[in-house]
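data-v9.tsv follows; it contains TSV, C-alpha atoms.
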chain	number	residue	atom	x	y	z
A	8	MET	CA	-22.21	-4.49	-6.02
A	9	SER	CA	-20.69	-1.99	-8.45
A	10	CYS	CA	-21.53	0.16	-11.46
A	11	ARG	CA	-19.07	1.66	-13.95
A	12	PHE	CA	-19.55	4.88	-15.93
A	13	THR	CA	-17.44	5.46	-19.01
A	14	THR	CA	-19.46	8.18	-20.76
A	15	GLY	CA	-21.37	11.21	-19.65
A	16	ALA	CA	-20.61	14.03	-17.23
A	17	ILE	CA	-17.81	12.64	-15.05
A	18	GLY	CA	-15.69	15.05	-13.04
A	19	LEU	CA	-15.16	17.05	-9.89
A	20	ALA	CA	-16.99	20.05	-8.53
A	21	ILE	CA	-15.35	23.42	-7.95
A	22	ASP	CA	-15.53	23.14	-4.16
A	23	ARG	CA	-13.51	19.87	-4.29
A	24	ARG	CA	-16.00	18.20	-1.95
A	25	HIS	CA	-18.41	16.86	-4.58
A	26	VAL	CA	-18.09	14.51	-7.56
A	27	ARG	CA	-20.22	14.64	-10.69
A	28	LEU	CA	-21.57	11.31	-11.98
A	29	PRO	CA	-23.95	10.47	-14.85
A	30	ARG	CA	-27.63	10.04	-13.87
A	31	LEU	CA	-26.71	10.86	-10.27
A	32	GLY	CA	-25.53	14.44	-10.52
A	33	LEU	CA	-23.45	15.97	-7.73
A	34	VAL	CA	-22.64	13.63	-4.84
A	35	ARG	CA	-20.80	14.81	-1.75
A	36	SER	CA	-17.58	12.92	-0.96
A	37	HIS	CA	-16.31	12.16	2.52
A	38	GLU	CA	-12.69	12.83	1.50
A	39	SER	CA	-11.39	15.92	-0.25
A	40	THR	CA	-10.58	15.60	-3.95
A	41	ARG	CA	-7.98	18.40	-4.02
A	42	LYS	CA	-5.11	16.10	-5.05
A	43	LEU	CA	-6.92	14.91	-8.17
A	44	ALA	CA	-8.26	18.42	-8.82
A	45	ARG	CA	-4.72	19.85	-8.95
A	46	HIS	CA	-3.69	17.33	-11.63
A	47	LEU	CA	-6.80	18.10	-13.66
A	48	GLU	CA	-6.17	21.84	-13.44
A	49	GLN	CA	-2.54	21.45	-14.50
A	50	GLY	CA	-3.52	19.23	-17.41
A	51	SER	CA	-1.37	16.29	-16.24
A	52	ALA	CA	-4.35	13.93	-15.70
A	53	ARG	CA	-7.50	12.89	-17.52
A	54	ILE	CA	-10.45	10.97	-16.05
A	55	ARG	CA	-11.37	7.94	-18.16
A	56	SER	CA	-14.09	6.25	-16.10
A	57	ALA	CA	-15.71	6.13	-12.67
A	58	THR	CA	-16.81	3.07	-10.72
A	59	VAL	CA	-19.35	3.26	-7.91
A	60	SER	CA	-19.31	0.32	-5.50
A	61	MET	CA	-20.69	-0.63	-2.11
A	62	ARG	CA	-18.62	-2.54	0.45
A	63	ALA	CA	-19.76	-3.30	3.99
A	64	GLY	CA	-22.63	-0.83	3.77
A	65	GLN	CA	-20.48	2.07	2.53
A	66	TRP	CA	-20.46	3.61	-0.94
A	67	PHE	CA	-17.22	4.33	-2.77
A	68	VAL	CA	-16.36	5.97	-6.08
A	69	SER	CA	-13.05	5.27	-7.79
A	70	PHE	CA	-11.78	7.12	-10.85
A	71	SER	CA	-9.64	5.56	-13.55
A	72	VAL	CA	-7.22	8.37	-14.36
A	73	GLU	CA	-4.58	8.66	-17.06
A	74	VAL	CA	-1.79	10.60	-15.36
A	75	SER	CA	1.83	11.41	-16.06
A	76	ARG	CA	3.89	10.03	-13.15
A	77	ALA	CA	7.40	11.14	-12.26
A	78	ASP	CA	8.47	8.67	-9.60
A	79	SER	CA	11.86	9.29	-8.04
A	80	ALA	CA	14.62	6.67	-7.91
A	81	PRO	CA	15.34	4.74	-4.67
A	82	VAL	CA	17.43	6.49	-2.03
A	83	GLN	CA	20.03	3.69	-2.06
A	84	PRO	CA	19.94	2.24	-5.60
A	85	ASP	CA	23.02	0.03	-5.08
A	86	ARG	CA	21.84	-1.62	-1.87
A	87	VAL	CA	20.33	-5.11	-1.76
A	88	VAL	CA	17.94	-6.19	0.97
A	89	GLY	CA	16.48	-9.61	1.70
A	90	VAL	CA	12.98	-9.81	3.18
A	91	ASP	CA	11.91	-12.87	5.15
A	92	LEU	CA	8.18	-12.99	5.93
A	93	GLY	CA	6.89	-14.66	9.04
A	94	VAL	CA	4.11	-14.91	11.60
A	95	SER	CA	5.79	-13.88	14.85
A	96	SER	CA	7.28	-10.90	12.99
A	97	LEU	CA	5.69	-9.70	9.78
A	98	ALA	CA	9.05	-9.17	8.05
A	99	VAL	CA	12.72	-9.34	8.96
A	100	LEU	CA	15.19	-7.46	6.74
A	101	SER	CA	18.76	-8.50	6.10
A	102	ASP	CA	20.05	-5.28	7.70
A	103	GLY	CA	18.53	-6.30	11.05
A	104	THR	CA	15.27	-4.34	10.85
A	105	VAL	CA	12.35	-6.24	12.37
A	106	VAL	CA	8.80	-5.28	11.37
A	107	PRO	CA	6.37	-6.47	14.07
A	108	ASN	CA	3.21	-8.28	13.10
A	109	PRO	CA	0.25	-6.01	13.98
A	110	ARG	CA	-2.20	-8.98	14.10
A	111	HIS	CA	-5.22	-6.94	13.07
A	112	LEU	CA	-7.65	-9.85	13.30
A	113	ASP	CA	-6.78	-10.61	16.93
A	114	ALA	CA	-7.81	-7.10	17.93
A	115	VAL	CA	-11.43	-7.66	16.84
A	116	LYS	CA	-11.63	-11.44	17.13
A	117	ARG	CA	-13.67	-11.27	20.32
A	118	ARG	CA	-16.20	-8.90	18.76
A	119	VAL	CA	-16.46	-11.01	15.59
A	120	ARG	CA	-17.18	-14.14	17.61
A	121	ARG	CA	-19.89	-12.37	19.59
A	122	LEU	CA	-21.56	-11.10	16.41
A	123	GLN	CA	-21.42	-14.55	14.83
A	124	ARG	CA	-23.14	-16.06	17.87
A	125	GLN	CA	-25.81	-13.39	17.64
A	126	ALA	CA	-26.40	-14.16	13.97
A	127	ALA	CA	-26.67	-17.88	14.73
A	128	ARG	CA	-29.48	-17.25	17.22
A	129	ARG	CA	-31.53	-15.22	14.75
A	130	ARG	CA	-33.50	-16.25	11.73
A	131	GLY	CA	-31.39	-16.09	8.61
A	132	ARG	CA	-32.03	-16.68	4.94
A	133	ASN	CA	-33.12	-20.23	4.11
A	134	ARG	CA	-33.01	-21.13	0.42
A	135	ARG	CA	-34.66	-24.48	0.93
A	136	THR	CA	-37.80	-23.08	2.55
A	137	ARG	CA	-37.42	-19.70	0.80
A	138	SER	CA	-37.88	-17.85	4.06
A	139	GLU	CA	-36.72	-14.26	4.31
A	140	PRO	CA	-34.24	-13.26	7.04
A	141	SER	CA	-35.30	-11.17	9.99
A	142	ASN	CA	-34.32	-7.54	10.37
A	143	ARG	CA	-32.24	-8.33	13.44
A	144	TRP	CA	-30.25	-10.90	11.45
A	145	LEU	CA	-29.63	-8.35	8.69
A	146	ARG	CA	-28.41	-5.77	11.21
A	147	THR	CA	-26.04	-8.30	12.77
A	148	GLN	CA	-24.67	-9.23	9.37
A	149	ALA	CA	-24.08	-5.56	8.59
A	150	ARG	CA	-22.13	-5.09	11.84
A	151	LEU	CA	-20.11	-8.21	11.10
A	152	ALA	CA	-19.28	-6.98	7.60
A	153	ARG	CA	-18.16	-3.62	8.99
A	154	ALA	CA	-15.87	-5.34	11.49
A	155	HIS	CA	-14.22	-7.44	8.75
A	156	ALA	CA	-13.91	-4.38	6.49
A	157	ARG	CA	-12.17	-2.47	9.28
A	158	VAL	CA	-9.64	-5.29	9.66
A	159	ALA	CA	-9.03	-5.48	5.92
A	160	ASN	CA	-8.49	-1.73	5.65
A	161	ALA	CA	-6.01	-1.71	8.54
A	162	ARG	CA	-4.10	-4.64	7.06
A	163	ARG	CA	-3.97	-3.05	3.62
A	164	ASP	CA	-2.78	0.26	5.05
A	165	ALA	CA	0.05	-1.40	7.01
A	166	LEU	CA	1.20	-3.35	3.94
A	167	HIS	CA	1.14	-0.23	1.77
A	168	LYS	CA	3.35	1.63	4.24
A	169	LEU	CA	5.80	-1.28	4.45
A	170	THR	CA	6.11	-1.90	0.70
A	171	THR	CA	6.35	1.81	-0.12
A	172	GLY	CA	9.18	2.20	2.39
A	173	LEU	CA	11.06	-0.73	0.84
A	174	VAL	CA	10.89	0.44	-2.77
A	175	ASP	CA	11.72	4.01	-1.77
A	176	ARG	CA	14.90	3.01	0.05
A	177	TYR	CA	16.45	-0.06	-1.61
A	178	GLY	CA	17.47	-0.63	-5.22
A	179	SER	CA	17.11	-4.45	-5.11
A	180	ILE	CA	14.64	-6.46	-3.04
A	181	VAL	CA	14.75	-10.23	-2.63
A	182	ILE	CA	11.75	-12.26	-1.44
A	183	GLU	CA	10.77	-15.92	-1.49
A	184	ASP	CA	8.18	-17.53	-3.73
A	185	LEU	CA	6.02	-18.75	-0.86
A	186	ASN	CA	3.31	-21.34	-1.40
A	187	VAL	CA	0.67	-19.38	0.50
A	188	ALA	CA	-2.22	-21.54	-0.71
A	189	GLY	CA	-0.45	-24.68	0.49
A	190	MET	CA	0.39	-23.14	3.87
A	191	LEU	CA	-3.25	-22.24	4.43
A	192	ALA	CA	-4.01	-25.96	4.55
A	193	ASN	CA	-2.30	-26.06	7.96
A	194	ARG	CA	-5.22	-25.55	10.33
A	195	ARG	CA	-2.93	-24.38	13.14
A	196	LEU	CA	-1.32	-21.56	11.16
A	197	ALA	CA	-3.98	-20.75	8.54
A	198	ARG	CA	-5.54	-17.86	10.46
A	199	SER	CA	-2.21	-16.21	11.29
A	200	ILE	CA	-0.90	-16.59	7.72
A	201	ALA	CA	-4.08	-15.17	6.21
A	202	ASP	CA	-4.01	-12.27	8.67
A	203	ALA	CA	-0.41	-11.43	7.73
A	204	GLY	CA	-1.32	-10.92	4.06
A	205	TRP	CA	1.77	-12.41	2.39
A	206	GLY	CA	0.12	-12.59	-1.03
A	207	GLU	CA	-0.94	-8.94	-0.88
A	208	PHE	CA	2.59	-8.01	0.21
A	209	ARG	CA	4.08	-9.57	-2.92
A	210	ARG	CA	1.42	-8.07	-5.20
A	211	GLN	CA	2.12	-4.57	-3.95
A	212	LEU	CA	5.88	-5.04	-4.22
A	213	GLU	CA	5.60	-6.15	-7.84
A	214	TYR	CA	3.79	-3.11	-9.22
A	215	LYS	CA	5.53	-0.59	-6.95
A	216	SER	CA	9.01	-1.86	-7.84
A	217	GLU	CA	8.10	-1.58	-11.53
A	218	ARG	CA	7.10	2.06	-11.05
A	219	ARG	CA	10.22	3.04	-9.11
A	220	GLY	CA	12.68	1.01	-11.17
A	221	THR	CA	13.56	-1.25	-8.25
A	222	GLN	CA	14.74	-4.76	-9.09
A	223	LEU	CA	12.56	-7.40	-7.46
A	224	HIS	CA	14.06	-10.90	-7.24
A	225	ILE	CA	11.88	-13.92	-6.54
A	226	VAL	CA	13.75	-16.84	-4.96
A	227	ASP	CA	12.63	-20.38	-5.63
A	228	ARG	CA	10.47	-21.76	-2.84
A	229	TRP	CA	12.70	-24.84	-2.47
A	230	TYR	CA	15.81	-22.84	-1.64
A	231	PRO	CA	16.76	-23.65	2.02
A	232	SER	CA	17.19	-20.08	3.21
A	233	SER	CA	16.55	-20.94	6.87
A	234	LYS	CA	18.76	-24.04	6.91
A	235	THR	CA	21.77	-22.41	5.24
A	236	CYS	CA	24.40	-20.77	7.42
A	237	SER	CA	24.87	-17.16	6.36
A	238	ALA	CA	28.51	-17.23	7.60
A	239	CYS	CA	29.99	-20.37	6.02
A	240	GLY	CA	27.25	-21.57	3.65
A	241	VAL	CA	26.74	-25.04	5.14
A	242	VAL	CA	23.20	-26.44	4.88
A	243	LYS	CA	21.75	-28.15	7.93
A	244	THR	CA	19.93	-31.42	7.40
A	245	LYS	CA	17.06	-30.70	9.78
A	246	LEU	CA	15.71	-27.52	11.32
A	247	ARG	CA	12.46	-27.65	13.23
A	248	LEU	CA	9.96	-24.82	13.10
A	249	SER	CA	10.23	-24.41	16.86
A	250	ASP	CA	13.98	-23.67	16.59
A	251	ARG	CA	13.98	-19.87	16.46
A	252	THR	CA	17.78	-19.57	16.74
A	253	PHE	CA	20.02	-20.96	14.01
A	254	HIS	CA	23.23	-22.61	15.26
A	255	CYS	CA	25.80	-23.84	12.76
A	256	ASP	CA	27.42	-27.12	13.74
A	257	ARG	CA	30.46	-26.43	11.59
A	258	CYS	CA	31.56	-22.88	12.42
A	259	GLY	CA	29.56	-22.36	15.62
A	260	PHE	CA	27.77	-19.27	14.27
A	261	SER	CA	24.50	-18.44	16.09
A	262	ILE	CA	21.88	-16.02	14.78
A	263	ASP	CA	18.16	-15.49	14.74
A	264	ARG	CA	16.44	-17.84	12.33
A	265	ASP	CA	14.56	-15.18	10.35
A	266	LEU	CA	17.56	-12.84	10.18
A	267	ASN	CA	19.70	-15.70	8.89
A	268	ALA	CA	17.17	-16.41	6.13
A	269	ALA	CA	17.01	-12.74	5.16
A	270	ARG	CA	20.80	-12.52	4.90
A	271	ASN	CA	20.90	-15.62	2.71
A	272	LEU	CA	18.29	-14.10	0.39
A	273	ALA	CA	20.31	-10.90	0.06
A	274	ALA	CA	23.52	-12.84	-0.60
A	275	LEU	CA	21.75	-14.96	-3.19
A	276	ALA	CA	20.83	-11.90	-5.24
A	277	ARG	CA	24.47	-10.81	-5.38
A	278	MET	CA	25.53	-14.11	-6.92
A	279	SER	CA	25.34	-13.72	-10.68
A	280	SER	CA	25.38	-17.47	-11.26
A	281	ALA	CA	22.63	-18.31	-8.74
A	282	SER	CA	20.22	-20.78	-10.28
A	283	CYS	CA	17.32	-20.13	-7.90
A	284	VAL	CA	16.88	-16.41	-8.42
A	285	GLY	CA	14.77	-14.70	-11.04
A	286	THR	CA	13.25	-11.30	-11.56
A	287	LYS	CA	9.52	-10.79	-11.23
A	288	ASN	CA	9.08	-11.32	-14.98
A	289	SER	CA	11.10	-14.53	-15.17
A	290	LEU	CA	10.52	-17.96	-13.72
A	291	ALA	CA	12.41	-18.79	-10.54
A	292	GLY	CA	14.58	-21.77	-11.38
A	293	ASN	CA	14.16	-24.15	-14.29
A	294	PRO	CA	10.52	-25.22	-14.64
A	295	ARG	CA	11.53	-28.26	-16.69
A	296	LYS	CA	13.53	-29.77	-13.83
A	297	SER	CA	12.12	-31.68	-10.93
A	298	LEU	CA	11.77	-30.24	-7.45
A	299	HIS	CA	14.97	-31.96	-6.34
A	300	SER	CA	16.99	-30.55	-9.21
A	301	ARG	CA	15.75	-27.05	-8.48
A	302	ALA	CA	17.25	-27.29	-5.01
A	303	THR	CA	20.71	-28.27	-6.27
A	304	GLY	CA	23.44	-26.11	-7.70
A	305	THR	CA	25.51	-23.14	-6.64
A	306	ALA	CA	22.77	-21.43	-4.65
A	307	THR	CA	22.34	-24.27	-2.16
A	308	ARG	CA	26.02	-25.32	-2.12
A	309	ARG	CA	24.99	-28.85	-3.09
A	310	PRO	CA	26.89	-30.69	-5.81
A	311	THR	CA	24.85	-31.21	-8.92
A	312	SER	CA	24.45	-34.88	-9.67
A	313	THR	CA	25.68	-35.94	-13.09
A	314	ASP	CA	24.85	-39.62	-12.69
A	315	LYS	CA	22.17	-40.85	-15.05
A	316	GLY	CA	22.14	-44.43	-13.84
A	317	GLN	CA	18.57	-45.27	-14.77
A	318	ARG	CA	19.04	-44.02	-18.31
A	319	LYS	CA	22.36	-45.85	-18.73
A	320	ARG	CA	20.81	-49.06	-17.44
A	321	SER	CA	17.93	-48.89	-19.90
A	322	ILE	CA	20.34	-48.22	-22.76
A	323	SER	CA	22.56	-51.14	-21.82
A	324	LEU	CA	19.59	-53.48	-21.58
A	325	ALA	CA	18.39	-52.39	-25.00
A	326	GLN	CA	21.81	-53.09	-26.48
A	327	ASP	CA	21.88	-56.57	-24.98
A	328	GLY	CA	18.45	-57.36	-26.42
A	329	PHE	CA	16.64	-57.60	-23.10
A	330	SER	CA	14.54	-54.46	-23.52
A	331	SER	CA	11.07	-54.77	-24.99
Please express what this file holds, its structure, as structure tokens.
Amino acid sequence: MSCRFTTGAIGLAIDRRHVRLPRLGLVRSHESTRKLARHLEQGSARIRSATVSMRAGQWFVSFSVEVSRADSAPVQPDRVVGVDLGVSSLAVLSDGTVVPNPRHLDAVKRRVRRLQRQAARRRGRNRRTRSEPSNRWLRTQARLARAHARVANARRDALHKLTTGLVDRYGSIVIEDLNVAGMLANRRLARSIADAGWGEFRRQLEYKSERRGTQLHIVDRWYPSSKTCSACGVVKTKLRLSDRTFHCDRCGFSIDRDLNAARNLAALARMSSASCVGTKNSLAGNPRKSLHSRATGTATRRPTSTDKGQRKRSISLAQDGFSS
């Protein structure tokens, strides 16, 4: 439920604790508006519209502001970092930094289950019989919505802190083009993947890197970052998900699986001729090639096949008069 105001008296009060909205007048805000008030007083911002919305029983007002931003450059503009997302750890960086997974949903999972059982025992809305829900059912649904909103806010806050720290420090960031929608089909990992917020992590990185001037590289999802040895470049044939330590059979190099993938992502961005890397505005790989041809080339250390046997066979048959 939301309502947007584009005309009328839209602004802030002098005490910086109230907002002025059309047809509503002065409304007290829970948070102070001093940061926006300073920009308005200096003339570096202009309010264009205001949107009033209600989420989980709470009312919010958001202003669309035209502001002049002066974002600083990254602290280390020449440094490249690879980011490997996971479930056991939220992110592992190529420099060895491990970001633990806070698992926000597990903290309130017991309370959510209890509230869902309460709602199941009470009379809810029935569209077939057109019966109205009971007041106890409505109160339980409101508590359940507040619990989910609390989890979503905590997850969003943690992702904002992580992505802001990455774009502030590194000049180039490399991530994988993960098929999050396909991974959610796995019923054993769907809850943990959804709780990690991989899609939101990439969305925040894209617009924040554009503001700061950080280069964001998206690696093709078929690149074997976990199977490739970061020391010698040999690709293993099989690597089970339960194998958390990567061991190279050729050079004997042993390293954590996620750290090995992050180092391969960072090394892939430094290769100017890598065929699986693209910026956030370009397609990762060649979309006209098949999935197998995307995984070949310099980036995966696999020889590119030049044999076109099927095509040569059809041409030879046509020349001999056997083709229809």
- Task: Report the distance between CA of Arg124 (chain A) and CA of Ala156 (chain A) in Å, rounded to one decimal place.
- Result: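 Calculated distance between CA of Arg124 (chain A) and CA of Ala156 (chain A) is 18.7 Å.
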- Query: Any idea what's packed within 12 Å of Arg146 (chain A), counting only C-alpha atoms, ignoring anything in its chain fewer than 5 positions away? Could you give it as a count of residues only?
  - Reply: 14
- Message: Need the shell around Gly220 (chain A): protein/DNA/RNA residues with any atom at most 8 Å away, counting only C-alpha atoms. Skip same-chain ones fewer than 4 positions apart. Format as a VMD selection string?
- Response: chain A and resid 80 to 81 178 216
- Task: Could you tell me which of A:Arg132, A:Arg218, A:Arg24, A:Arg247 comes closest to Ser75 (chain A) if we count all atoms listed in the file?
- Result: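 With all atoms listed in the file as the atom set, the closest residue is A:Arg218.
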- Query: Could you pull the residues within 10 Å of region 26-42 of chain A, counting all atoms listed in the file, minus those fewer than 4 positions along the same chain, as a ChimeraX atom specification?
  - Reply: /A:12-22,46-47,56-59,66-68
Residue subset to file, keeping C-alpha atoms, as a PDB file, keeping the file's coordinate frame:
ATOM      1  CA  PHE A  12     -19.550   4.880 -15.930  1.00  0.00           C
ATOM      2  CA  THR A  13     -17.440   5.460 -19.010  1.00  0.00           C
ATOM      3  CA  THR A  14     -19.460   8.180 -20.760  1.00  0.00           C
ATOM      4  CA  GLY A  15     -21.370  11.210 -19.650  1.00  0.00           C
ATOM      5  CA  ALA A  16     -20.610  14.030 -17.230  1.00  0.00           C
ATOM      6  CA  ILE A  17     -17.810  12.640 -15.050  1.00  0.00           C
ATOM      7  CA  GLY A  18     -15.690  15.050 -13.040  1.00  0.00           C
ATOM      8  CA  LEU A  19     -15.160  17.050  -9.890  1.00  0.00           C
ATOM      9  CA  ALA A  20     -16.990  20.050  -8.530  1.00  0.00           C
ATOM     10  CA  ILE A  21     -15.350  23.420  -7.950  1.00  0.00           C
ATOM     11  CA  ASP A  22     -15.530  23.140  -4.160  1.00  0.00           C
ATOM     12  CA  HIS A  46      -3.690  17.330 -11.630  1.00  0.00           C
ATOM     13  CA  LEU A  47      -6.800  18.100 -13.660  1.00  0.00           C
ATOM     14  CA  SER A  56     -14.090   6.250 -16.100  1.00  0.00           C
ATOM     15  CA  ALA A  57     -15.710   6.130 -12.670  1.00  0.00           C
ATOM     16  CA  THR A  58     -16.810   3.070 -10.720  1.00  0.00           C
ATOM     17  CA  VAL A  59     -19.350   3.260  -7.910  1.00  0.00           C
ATOM     18  CA  TRP A  66     -20.460   3.610  -0.940  1.00  0.00           C
ATOM     19  CA  PHE A  67     -17.220   4.330  -2.770  1.00  0.00           C
ATOM     20  CA  VAL A  68     -16.360   5.970  -6.080  1.00  0.00           C
TER      21      VAL A  68
END
- Separation of CA of Leu92 (chain A) from CA of Asp184 (chain A), in Å and rounded to one decimal: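 Here the two named atoms are 10.7 Å from each other.
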- How far is it from CA of Val72 (chain A) to CA of Arg55 (chain A), in Å with one decimal? 5.6 Å
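Taking all atoms listed in the file into account, Arg209 (chain A) lies nearest to A:Leu173 out of the set A:Leu173, A:Met190, A:Val87, A:Ala274.
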